[in-house]
Amino acid sequence: MSDNHDDPLAGAGLDTLAVRAGNARTGEGEHSEPIFATSSYVFANAAEAAARFAGESPGNVYSRYTNPTVRTFEQRIAALEGGEAAVGTASGMAAILSTAMALLQAGDHVVCSRDVFGTTTNLFSKYMARFGVQVSFVPLLDLAAWRDAIRPETAMLFLETPSNPLCEVADMAALSTLAHDNNCLLVVDNCFCTPALQRPLALGADIVVHSATKYLDGQGRCVGGAVVGSARHMQEVETFLRTCGPTMSAFNAWVFLKGLETLRLRMNAHSESALALATWLQQQDAVERVYYAGLTTHPGHALASRQQSAYGGVLSFQIKGGQEEAWKVIDATRIMSLTANLGDAKTTIVHPATTTHGRLSDEQREQAGISRNLIRVSVGLEDVDDLKADLQRGFAALA
Ligand SMILES: *Cc1c(COP(=O)(O)O)cnc(C)c1O
């Protein structure tokens with residue numbers, strides 16, 4: 001964060017930064033970070049107001065521009081990702097939109113992984129295209145396809161790893177070399193791993209985006225997002241936010257700060273339970289195939305072991321049969337929540353082919369490997385034995 005050798009957090013570890021980075025106490029001596037529930041700020045005199053408005057003196061003006069609670073969140077997530085700066089946003093989609101609006105212009109081209117969050121696909125293909133930014137979609141793991149898709153006007157490569165729901169793992173170092181050889185920015189959505197498990201900037205990515213709604217909160221309370229990168233890029237993103245407005249609220253920033261304090265503990269627990277559940281699922285007669293990069297049988301296992309410190313909380317599996325069997329298993333569960341959200345202390349279960357990936361054509365869905373017998377589980381923090389018993393109810397319903 002700072003190369004100031006008086007900074008007690010200089011060189012601090014991730015767990016220390018997660019608890020302490022960005023915390024500047026007020027004169028009240030509060031221990032927990034305060035929520036600055038204020039839309040605007042007062043100035044000592046007219047000259048100070050003029051200087052603030054002119055950008056000549058630092059300090060708060062209005063909470064669409066800056067807010068101390070949001071700033072604490074920004075400094076903390078920047079420290080965790082190893083970036084120079086960060087910008088908090090109203091949602092994960094606002095983070096992606098702000099990145100695109102700040103760093104692209106009409107005539108630019110983007111190469112985007114085919115296997116990104118569905119709304120991200122729409123943002124690029126439906127909205128950015130309207131403003132003259134072209135996009136090509138390529139399979140996440142096909143490096144040659146990424147290379148072939150790059151044009152002289154390509155400005156950005158965008159991906160998510162591991163992918164949802166099949167846990168495919170992209171080689172970020174190779175893609176960053178490809179991006180930089182072609183004067184492109186590499187943008188990575190780090191929602192599934194979070195900086196507790198994977199730090200894309202250290203592997204060459206230029207920008208990390210987050211849906212803070214998922215694991216950064218971790219308890220399914222608030223919607224928010226973040227963009228992390230160099231001070232120069234974040235200045236551009238911040239200027240977009242000031243002008244266009246999808247800023248993070250102070251209350252949400254506070255919830256995310258509390259979430260970050262337990263981020264690594266939670267991510268390790270999610271990962272441990274997901275691995276136990278995946279291993280168990282592999283042994284069940286009713287199950288055809290399990291997708292989880294923590295399994296040595298997963299094609300992305302070796303790469304995930306290099307890039308990530310653990311394998312995350314999301315797994316998916318194919319049940320023997322088709323949609324009817326998958327729905328039976330889902331409907332038989334009584335502990336897991338049937339919802340498309342993920343990254344929560346509560347385990348969630350969903351049928352991707354008819355929900356998260358329901359808008360795709362049959363052909364697109366087949367290409368993406370989203371079969372009708374596929375079930376995704378975002379493994380929460382409950383006892384794993386209870387989760388096994390919950391799925392067992394479904395398997396029994398099939399027998
Ligand atoms: C949920 C999600 C988003 C969008 O985030 P919101 O906070 O819902 O706007 C983006 N990327 C990934 C990988 C997500 O899971």
# chains A, B, ... in the order shown; residues from 1 in each chain; ligands from 1
>>> closest_atom_pairs(of="chain A", to="ligand 1", cutoff="8 Å", atoms="only C-alpha atoms and all ligand atoms", output="Markdown table")
| residue | atom | partner | partner_atom_place_in_ligand_line | distance |
| --- | --- | --- | --- | --- |
| A:Ala90 | CA | ligand 1 | 7 (O) | 7.8 |
| A:Ser91 | CA | ligand 1 | 7 (O) | 4.1 |
| A:Gly92 | CA | ligand 1 | 5 (O) | 3.4 |
| A:Met93 | CA | ligand 1 | 9 (O) | 3.9 |
| A:Ala94 | CA | ligand 1 | 9 (O) | 6.4 |
| A:Ala95 | CA | ligand 1 | 9 (O) | 7.8 |
| A:Ile96 | CA | ligand 1 | 10 (C) | 7.6 |
| A:Val116 | CA | ligand 1 | 13 (C) | 6.6 |
| A:Phe117 | CA | ligand 1 | 12 (C) | 5.1 |
| A:Thr119 | CA | ligand 1 | 4 (C) | 7.1 |
| A:Thr120 | CA | ligand 1 | 10 (C) | 6.7 |
| A:Glu160 | CA | ligand 1 | 13 (C) | 6.5 |
| A:Ser163 | CA | ligand 1 | 13 (C) | 7.9 |
| A:Asn164 | CA | ligand 1 | 13 (C) | 7.3 |
| A:Asp189 | CA | ligand 1 | 13 (C) | 6.1 |
| A:Asn190 | CA | ligand 1 | 13 (C) | 7.1 |
| A:Cys191 | CA | ligand 1 | 13 (C) | 5.1 |
| A:Phe192 | CA | ligand 1 | 13 (C) | 6.3 |
| A:His210 | CA | ligand 1 | 11 (N) | 6.7 |
| A:Ser211 | CA | ligand 1 | 5 (O) | 4.2 |
| A:Ala212 | CA | ligand 1 | 7 (O) | 6.1 |
| A:Thr213 | CA | ligand 1 | 7 (O) | 4.8 |
| A:Lys214 | CA | ligand 1 | 1 (C) | 6.6 |
| A:Val223 | CA | ligand 1 | 7 (O) | 5.2 |
| A:Gly224 | CA | ligand 1 | 7 (O) | 5.2 |
| A:Gly225 | CA | ligand 1 | 7 (O) | 5.8 |
| A:Asn341 | CA | ligand 1 | 1 (C) | 7.2 |
| A:Leu342 | CA | ligand 1 | 15 (O) | 7.1 |
>>> write_last_selection(atoms="C-alpha atoms", output="PDB file, in the first residue's frame")
ATOM      1  CA  ALA A  90     -22.697  -0.286  -6.302  1.00  0.00           C
ATOM      2  CA  SER A  91     -22.559  -3.904  -7.551  1.00  0.00           C
ATOM      3  CA  GLY A  92     -20.296  -6.349  -9.325  1.00  0.00           C
ATOM      4  CA  MET A  93     -21.892  -5.367 -12.626  1.00  0.00           C
ATOM      5  CA  ALA A  94     -21.203  -1.703 -11.823  1.00  0.00           C
ATOM      6  CA  ALA A  95     -17.536  -2.666 -11.332  1.00  0.00           C
ATOM      7  CA  ILE A  96     -17.413  -4.287 -14.774  1.00  0.00           C
ATOM      8  CA  VAL A 116     -18.100 -15.577 -17.791  1.00  0.00           C
ATOM      9  CA  PHE A 117     -21.088 -14.558 -15.676  1.00  0.00           C
ATOM     10  CA  THR A 119     -24.827 -10.709 -17.281  1.00  0.00           C
ATOM     11  CA  THR A 120     -21.222  -9.842 -18.150  1.00  0.00           C
ATOM     12  CA  GLU A 160     -13.125 -15.260 -14.930  1.00  0.00           C
ATOM     13  CA  SER A 163     -15.214 -20.652 -14.372  1.00  0.00           C
ATOM     14  CA  ASN A 164     -18.815 -21.046 -13.313  1.00  0.00           C
ATOM     15  CA  ASP A 189     -13.072 -11.212 -12.390  1.00  0.00           C
ATOM     16  CA  ASN A 190     -11.728 -12.696  -9.130  1.00  0.00           C
ATOM     17  CA  CYS A 191     -15.138 -13.280  -7.569  1.00  0.00           C
ATOM     18  CA  PHE A 192     -14.836 -17.057  -7.143  1.00  0.00           C
ATOM     19  CA  HIS A 210     -15.161  -8.154  -7.899  1.00  0.00           C
ATOM     20  CA  SER A 211     -18.731  -8.796  -7.076  1.00  0.00           C
ATOM     21  CA  ALA A 212     -18.413  -8.030  -3.362  1.00  0.00           C
ATOM     22  CA  THR A 213     -21.931  -9.453  -3.092  1.00  0.00           C
ATOM     23  CA  LYS A 214     -20.457 -12.941  -2.999  1.00  0.00           C
ATOM     24  CA  VAL A 223     -24.818  -5.931  -3.161  1.00  0.00           C
ATOM     25  CA  GLY A 224     -21.539  -4.245  -4.112  1.00  0.00           C
ATOM     26  CA  GLY A 225     -18.396  -4.460  -6.189  1.00  0.00           C
ATOM     27  CA  ASN A 341     -26.617 -16.808  -5.470  1.00  0.00           C
ATOM     28  CA  LEU A 342     -23.252 -18.086  -4.300  1.00  0.00           C
TER      29      LEU A 342
END
>>> residues_around(residues="Met336 in chain A", least_positions_apart="6", cutoff="8 Å", atoms="only C-alpha atoms", output="list in words")
Lys346, Thr347, Thr348, Ile349, Leu387 and Asp390 of chain A
>>> residues_around(residues="Thr356 in chain A", least_positions_apart="2", cutoff="12 Å", atoms="only C-alpha atoms", output="PyMOL selection string")
chain A and resi 115-119+164-165+339-342+349-354+358-360+365+370+374-376
>>> write_last_selection(atoms="N, CA and C atoms", output="mmCIF file, in the first residue's frame")
data_model
loop_
_atom_site.group_PDB
_atom_site.id
_atom_site.type_symbol
_atom_site.label_atom_id
_atom_site.label_comp_id
_atom_site.auth_asym_id
_atom_site.auth_seq_id
_atom_site.Cartn_x
_atom_site.Cartn_y
_atom_site.Cartn_z
ATOM 1 N N ASP A 115 -16.985 -18.191 -21.014
ATOM 2 C CA ASP A 115 -17.457 -18.780 -19.760
ATOM 3 C C ASP A 115 -17.445 -17.767 -18.625
ATOM 4 N N VAL A 116 -17.983 -16.570 -18.866
ATOM 5 C CA VAL A 116 -18.100 -15.577 -17.791
ATOM 6 C C VAL A 116 -19.558 -15.499 -17.340
ATOM 7 N N PHE A 117 -19.757 -14.832 -16.224
ATOM 8 C CA PHE A 117 -21.088 -14.558 -15.676
ATOM 9 C C PHE A 117 -22.003 -14.076 -16.811
ATOM 10 N N GLY A 118 -23.214 -14.633 -16.882
ATOM 11 C CA GLY A 118 -24.097 -14.364 -18.015
ATOM 12 C C GLY A 118 -24.379 -12.889 -18.231
ATOM 13 N N THR A 119 -24.524 -12.130 -17.144
ATOM 14 C CA THR A 119 -24.827 -10.709 -17.281
ATOM 15 C C THR A 119 -23.626 -9.951 -17.850
ATOM 16 N N ASN A 164 -17.552 -20.650 -13.905
ATOM 17 C CA ASN A 164 -18.815 -21.046 -13.313
ATOM 18 C C ASN A 164 -19.639 -21.735 -14.403
ATOM 19 N N PRO A 165 -20.126 -22.932 -14.217
ATOM 20 C CA PRO A 165 -20.070 -23.786 -13.021
ATOM 21 C C PRO A 165 -19.072 -24.934 -13.112
ATOM 22 N N THR A 339 -31.281 -21.353 -4.722
ATOM 23 C CA THR A 339 -31.110 -19.976 -5.197
ATOM 24 C C THR A 339 -29.859 -19.923 -6.059
ATOM 25 N N ALA A 340 -29.838 -18.971 -6.977
ATOM 26 C CA ALA A 340 -28.697 -18.869 -7.886
ATOM 27 C C ALA A 340 -27.533 -18.115 -7.259
ATOM 28 N N ASN A 341 -27.727 -17.546 -6.081
ATOM 29 C CA ASN A 341 -26.617 -16.808 -5.470
ATOM 30 C C ASN A 341 -25.535 -17.777 -4.998
ATOM 31 N N LEU A 342 -24.364 -17.242 -4.751
ATOM 32 C CA LEU A 342 -23.252 -18.086 -4.300
ATOM 33 C C LEU A 342 -22.368 -17.261 -3.390
ATOM 34 N N ILE A 349 -27.950 -24.395 -3.941
ATOM 35 C CA ILE A 349 -27.992 -25.411 -5.004
ATOM 36 C C ILE A 349 -28.849 -24.875 -6.142
ATOM 37 N N VAL A 350 -28.428 -25.153 -7.368
ATOM 38 C CA VAL A 350 -29.149 -24.597 -8.513
ATOM 39 C C VAL A 350 -28.973 -25.499 -9.737
ATOM 40 N N HIS A 351 -29.943 -25.431 -10.654
ATOM 41 C CA HIS A 351 -29.877 -26.178 -11.915
ATOM 42 C C HIS A 351 -29.490 -25.194 -13.020
ATOM 43 N N PRO A 352 -28.200 -25.107 -13.368
ATOM 44 C CA PRO A 352 -27.738 -24.060 -14.291
ATOM 45 C C PRO A 352 -28.476 -24.033 -15.625
ATOM 46 N N ALA A 353 -28.775 -25.192 -16.199
ATOM 47 C CA ALA A 353 -29.349 -25.224 -17.562
ATOM 48 C C ALA A 353 -30.684 -24.488 -17.643
ATOM 49 N N THR A 354 -31.438 -24.431 -16.525
ATOM 50 C CA THR A 354 -32.747 -23.762 -16.584
ATOM 51 C C THR A 354 -32.788 -22.462 -15.766
ATOM 52 N N GLY A 358 -30.050 -20.343 -18.523
ATOM 53 C CA GLY A 358 -31.314 -20.635 -19.202
ATOM 54 C C GLY A 358 -31.528 -19.821 -20.471
ATOM 55 N N ARG A 359 -30.868 -18.654 -20.560
ATOM 56 C CA ARG A 359 -31.073 -17.801 -21.733
ATOM 57 C C ARG A 359 -30.308 -18.298 -22.951
ATOM 58 N N LEU A 360 -29.307 -19.168 -22.719
ATOM 59 C CA LEU A 360 -28.499 -19.643 -23.848
ATOM 60 C C LEU A 360 -29.325 -20.549 -24.759
ATOM 61 N N ARG A 365 -25.414 -23.743 -24.995
ATOM 62 C CA ARG A 365 -25.336 -24.424 -23.708
ATOM 63 C C ARG A 365 -24.479 -25.682 -23.830
ATOM 64 N N ILE A 370 -22.898 -27.059 -20.322
ATOM 65 C CA ILE A 370 -23.945 -26.992 -19.295
ATOM 66 C C ILE A 370 -25.027 -28.009 -19.652
ATOM 67 N N LEU A 374 -26.775 -31.372 -14.991
ATOM 68 C CA LEU A 374 -25.755 -30.708 -14.163
ATOM 69 C C LEU A 374 -26.396 -29.937 -13.006
ATOM 70 N N ILE A 375 -25.786 -30.071 -11.832
ATOM 71 C CA ILE A 375 -26.240 -29.362 -10.631
ATOM 72 C C ILE A 375 -25.045 -28.599 -10.065
ATOM 73 N N ARG A 376 -25.264 -27.325 -9.703
ATOM 74 C CA ARG A 376 -24.171 -26.572 -9.078
ATOM 75 C C ARG A 376 -24.458 -26.366 -7.592
#
>>> closest_residue(among="A:Val237, A:Leu141, A:Val70, A:Leu17", to="Trp254 in chain A", atoms="only C-alpha atoms")
A:Val70
>>> closest_residue(among="A:Asn23, A:Ser57, A:Asn268, A:Ser32", to="Pro8 in chain A", atoms="only C-alpha atoms")
A:Asn23
>>> residues_around(residues="Phe251 in chain A", least_positions_apart="4", cutoff="12 Å", atoms="only C-alpha atoms", output="MDAnalysis selection string")
chainID A and resid 33:39 63 67:70 73 90 221:224 247 255:258
>>> write_last_selection(atoms="C-alpha atoms", output="short mmCIF file (atom, residue, chain, number, x, y, z; two decimals), in the first residue's frame")
data_model
loop_
_atom_site.label_atom_id
_atom_site.label_comp_id
_atom_site.auth_asym_id
_atom_site.auth_seq_id
_atom_site.Cartn_x
_atom_site.Cartn_y
_atom_site.Cartn_z
CA GLU A 33 -14.63 1.21 11.64
CA PRO A 34 -17.39 3.85 11.76
CA ILE A 35 -20.13 4.17 9.14
CA PHE A 36 -20.05 7.69 7.72
CA ALA A 37 -23.74 8.08 6.92
CA THR A 38 -23.42 11.47 5.29
CA SER A 39 -24.07 12.54 1.74
CA SER A 63 -20.33 10.92 -1.11
CA ASN A 67 -16.81 8.61 1.57
CA PRO A 68 -14.47 7.63 4.43
CA THR A 69 -16.09 4.21 5.03
CA VAL A 70 -15.97 3.40 1.32
CA PHE A 73 -12.97 -0.62 2.05
CA ALA A 90 -22.70 -0.29 -6.30
CA ARG A 221 -26.45 -9.30 2.94
CA CYS A 222 -25.37 -6.56 0.53
CA VAL A 223 -24.82 -5.93 -3.16
CA GLY A 224 -21.54 -4.24 -4.11
CA THR A 247 -20.98 4.29 -6.23
CA VAL A 255 -20.58 -4.72 5.83
CA PHE A 256 -17.89 -5.67 3.31
CA LEU A 257 -15.16 -4.46 5.69
CA LYS A 258 -16.51 -6.78 8.36
#
>>> residues_around(residues="range 128-140 of chain A", least_positions_apart="6", cutoff="8 Å", atoms="only C-alpha atoms", output="list in words")
Leu104, Gln105, Ala106, Gly107, Asp108, His109, Val110, Val111, Cys112, Ser113, Arg114, Asp115, Trp146, Ala149, Leu159, Glu168 and Ala170 of chain A
>>> write_last_selection(atoms="N, CA and C atoms", output="tab-separated table (two decimals), in the first residue's frame")
chain	number	residue	atom	x	y	z
A	104	LEU	N	-12.35	1.92	-22.15
A	104	LEU	CA	-12.58	1.60	-23.56
A	104	LEU	C	-13.23	2.79	-24.25
A	105	GLN	N	-13.12	2.83	-25.56
A	105	GLN	CA	-13.84	3.85	-26.31
A	105	GLN	C	-14.33	3.27	-27.63
A	106	ALA	N	-15.22	3.99	-28.28
A	106	ALA	CA	-15.78	3.52	-29.55
A	106	ALA	C	-14.65	3.16	-30.50
A	107	GLY	N	-14.81	2.02	-31.16
A	107	GLY	CA	-13.77	1.54	-32.08
A	107	GLY	C	-12.91	0.45	-31.46
A	108	ASP	N	-12.91	0.38	-30.12
A	108	ASP	CA	-12.12	-0.66	-29.44
A	108	ASP	C	-12.81	-2.02	-29.59
A	109	HIS	N	-12.02	-3.05	-29.35
A	109	HIS	CA	-12.49	-4.43	-29.42
A	109	HIS	C	-12.06	-5.14	-28.14
A	110	VAL	N	-12.94	-6.02	-27.65
A	110	VAL	CA	-12.66	-6.79	-26.43
A	110	VAL	C	-12.71	-8.27	-26.77
A	111	VAL	N	-11.77	-9.04	-26.24
A	111	VAL	CA	-11.88	-10.49	-26.31
A	111	VAL	C	-12.27	-10.96	-24.91
A	112	CYS	N	-13.40	-11.68	-24.84
A	112	CYS	CA	-13.96	-12.07	-23.55
A	112	CYS	C	-14.13	-13.58	-23.52
A	113	SER	N	-13.84	-14.16	-22.39
A	113	SER	CA	-14.09	-15.60	-22.22
A	113	SER	C	-15.57	-15.88	-22.43
A	114	ARG	N	-15.86	-16.98	-23.10
A	114	ARG	CA	-17.24	-17.41	-23.30
A	114	ARG	C	-17.86	-17.82	-21.96
A	115	ASP	N	-16.99	-18.19	-21.01
A	115	ASP	CA	-17.46	-18.78	-19.76
A	115	ASP	C	-17.45	-17.77	-18.62
A	146	TRP	N	-7.81	-17.29	-28.20
A	146	TRP	CA	-7.58	-15.93	-27.68
A	146	TRP	C	-6.65	-15.18	-28.63
A	149	ALA	N	-8.25	-14.24	-31.90
A	149	ALA	CA	-9.33	-13.26	-31.81
A	149	ALA	C	-8.81	-11.83	-31.69
A	159	LEU	N	-11.68	-12.13	-18.44
A	159	LEU	CA	-11.97	-13.52	-18.08
A	159	LEU	C	-12.30	-13.65	-16.60
A	168	GLU	N	-13.40	-24.58	-14.68
A	168	GLU	CA	-12.24	-24.59	-15.58
A	168	GLU	C	-11.26	-23.52	-15.12
A	170	ALA	N	-8.07	-21.02	-15.98
A	170	ALA	CA	-7.32	-20.35	-17.05
A	170	ALA	C	-5.91	-20.04	-16.58
>>> select_by_dssp(residues="range 12-127 of chain A", states="strand (DSSP E)", output="MDAnalysis selection string")
chainID A and resid 85:89 109:113
>>> write_last_selection(atoms="N, CA and C atoms", output="PDB file, in the first residue's frame")
ATOM      1  N   ALA A  85      -4.411   0.822  -6.024  1.00  0.00           N
ATOM      2  CA  ALA A  85      -5.633   1.518  -5.621  1.00  0.00           C
ATOM      3  C   ALA A  85      -6.845   0.677  -5.982  1.00  0.00           C
ATOM      4  N   ALA A  86      -7.993   1.046  -5.405  1.00  0.00           N
ATOM      5  CA  ALA A  86      -9.246   0.356  -5.706  1.00  0.00           C
ATOM      6  C   ALA A  86     -10.381   1.356  -5.690  1.00  0.00           C
ATOM      7  N   VAL A  87     -11.474   0.986  -6.332  1.00  0.00           N
ATOM      8  CA  VAL A  87     -12.677   1.815  -6.346  1.00  0.00           C
ATOM      9  C   VAL A  87     -13.860   0.917  -5.982  1.00  0.00           C
ATOM     10  N   GLY A  88     -14.643   1.333  -4.982  1.00  0.00           N
ATOM     11  CA  GLY A  88     -15.848   0.587  -4.603  1.00  0.00           C
ATOM     12  C   GLY A  88     -16.998   0.969  -5.517  1.00  0.00           C
ATOM     13  N   THR A  89     -17.842  -0.002  -5.857  1.00  0.00           N
ATOM     14  CA  THR A  89     -18.957   0.259  -6.770  1.00  0.00           C
ATOM     15  C   THR A  89     -20.261  -0.314  -6.196  1.00  0.00           C
ATOM     16  N   HIS A 109     -12.019  -3.050 -29.351  1.00  0.00           N
ATOM     17  CA  HIS A 109     -12.493  -4.430 -29.415  1.00  0.00           C
ATOM     18  C   HIS A 109     -12.060  -5.140 -28.137  1.00  0.00           C
ATOM     19  N   VAL A 110     -12.937  -6.024 -27.650  1.00  0.00           N
ATOM     20  CA  VAL A 110     -12.660  -6.789 -26.434  1.00  0.00           C
ATOM     21  C   VAL A 110     -12.712  -8.268 -26.767  1.00  0.00           C
ATOM     22  N   VAL A 111     -11.770  -9.037 -26.240  1.00  0.00           N
ATOM     23  CA  VAL A 111     -11.884 -10.490 -26.306  1.00  0.00           C
ATOM     24  C   VAL A 111     -12.273 -10.962 -24.911  1.00  0.00           C
ATOM     25  N   CYS A 112     -13.402 -11.679 -24.838  1.00  0.00           N
ATOM     26  CA  CYS A 112     -13.965 -12.070 -23.548  1.00  0.00           C
ATOM     27  C   CYS A 112     -14.133 -13.583 -23.516  1.00  0.00           C
ATOM     28  N   SER A 113     -13.840 -14.161 -22.388  1.00  0.00           N
ATOM     29  CA  SER A 113     -14.090 -15.597 -22.223  1.00  0.00           C
ATOM     30  C   SER A 113     -15.573 -15.879 -22.432  1.00  0.00           C
TER      31      SER A 113
END
>>> closest_residue(among="A:Met267, A:Leu157, A:Val188, A:Val384", to="Thr279 in chain A", atoms="only C-alpha atoms")
A:Val384
>>> residues_around(residues="Gln219 in chain A", least_positions_apart="6", cutoff="8 Å", atoms="only C-alpha atoms", output="number ranges by chain")
A: 259, 343-346
>>> write_last_selection(atoms="C-alpha atoms", output="CSV table (one decimal), in the first residue's frame")
chain,number,residue,atom,x,y,z
A,259,GLY,CA,-16.6,-9.6,5.7
A,343,GLY,CA,-20.5,-17.2,-1.9
A,344,ASP,CA,-22.7,-17.4,1.2
A,345,ALA,CA,-22.3,-19.1,4.6
A,346,LYS,CA,-25.5,-20.9,3.5
>>> select_by_dssp(residues="range 343-393 of chain A", states="helix (DSSP H, G or I)", output="ChimeraX atom specification")
/A:352-354,362-367,384-393
>>> residues_around(residues="Gln235 in chain A", least_positions_apart="2", cutoff="12 Å", atoms="only C-alpha atoms", output="count of residues only")
22
>>> atom_distance(atom1="CA of Leu166 in chain A", atom2="CA of Glu366 in chain A")
12.6 Å
>>> closest_residue(among="A:Ser378, A:Gln198, A:Thr154, A:Gln364", to="Leu338 in chain A", atoms="only C-alpha atoms")
A:Ser378
>>> closest_residue(among="A:Ala44, A:Val19, A:Glu363, A:Gly83", to="Met234 in chain A", atoms="only C-alpha atoms")
A:Gly83
>>> decode(residues="range 272-299 of chain A", atoms="C-alpha atoms", output="PDB file, in the first residue's frame")
ATOM      1  CA  GLU A 272     -12.168 -27.681   2.748  1.00  0.00           C
ATOM      2  CA  SER A 273     -15.878 -28.542   2.780  1.00  0.00           C
ATOM      3  CA  ALA A 274     -16.168 -28.342  -1.010  1.00  0.00           C
ATOM      4  CA  LEU A 275     -13.257 -30.768  -1.414  1.00  0.00           C
ATOM      5  CA  ALA A 276     -14.813 -33.183   1.100  1.00  0.00           C
ATOM      6  CA  LEU A 277     -18.186 -32.989  -0.640  1.00  0.00           C
ATOM      7  CA  ALA A 278     -16.652 -33.373  -4.125  1.00  0.00           C
ATOM      8  CA  THR A 279     -14.657 -36.414  -3.020  1.00  0.00           C
ATOM      9  CA  TRP A 280     -17.782 -37.967  -1.528  1.00  0.00           C
ATOM     10  CA  LEU A 281     -19.877 -37.175  -4.600  1.00  0.00           C
ATOM     11  CA  GLN A 282     -17.361 -38.989  -6.787  1.00  0.00           C
ATOM     12  CA  GLN A 283     -18.113 -42.159  -4.842  1.00  0.00           C
ATOM     13  CA  GLN A 284     -21.905 -41.992  -5.218  1.00  0.00           C
ATOM     14  CA  ASP A 285     -23.614 -44.392  -7.639  1.00  0.00           C
ATOM     15  CA  ALA A 286     -26.150 -41.762  -8.694  1.00  0.00           C
ATOM     16  CA  VAL A 287     -23.396 -39.355  -9.808  1.00  0.00           C
ATOM     17  CA  GLU A 288     -21.904 -39.447 -13.284  1.00  0.00           C
ATOM     18  CA  ARG A 289     -19.156 -36.819 -12.999  1.00  0.00           C
ATOM     19  CA  VAL A 290     -17.933 -34.175 -10.532  1.00  0.00           C
ATOM     20  CA  TYR A 291     -16.377 -30.844 -11.539  1.00  0.00           C
ATOM     21  CA  TYR A 292     -14.087 -29.370  -8.878  1.00  0.00           C
ATOM     22  CA  ALA A 293     -10.496 -28.271  -9.464  1.00  0.00           C
ATOM     23  CA  GLY A 294      -9.464 -29.687  -6.087  1.00  0.00           C
ATOM     24  CA  LEU A 295      -9.976 -33.221  -7.420  1.00  0.00           C
ATOM     25  CA  THR A 296      -6.833 -34.700  -8.984  1.00  0.00           C
ATOM     26  CA  THR A 297      -9.081 -36.013 -11.785  1.00  0.00           C
ATOM     27  CA  HIS A 298     -10.054 -32.439 -12.831  1.00  0.00           C
ATOM     28  CA  PRO A 299      -8.135 -31.267 -15.945  1.00  0.00           C
TER      29      PRO A 299
END
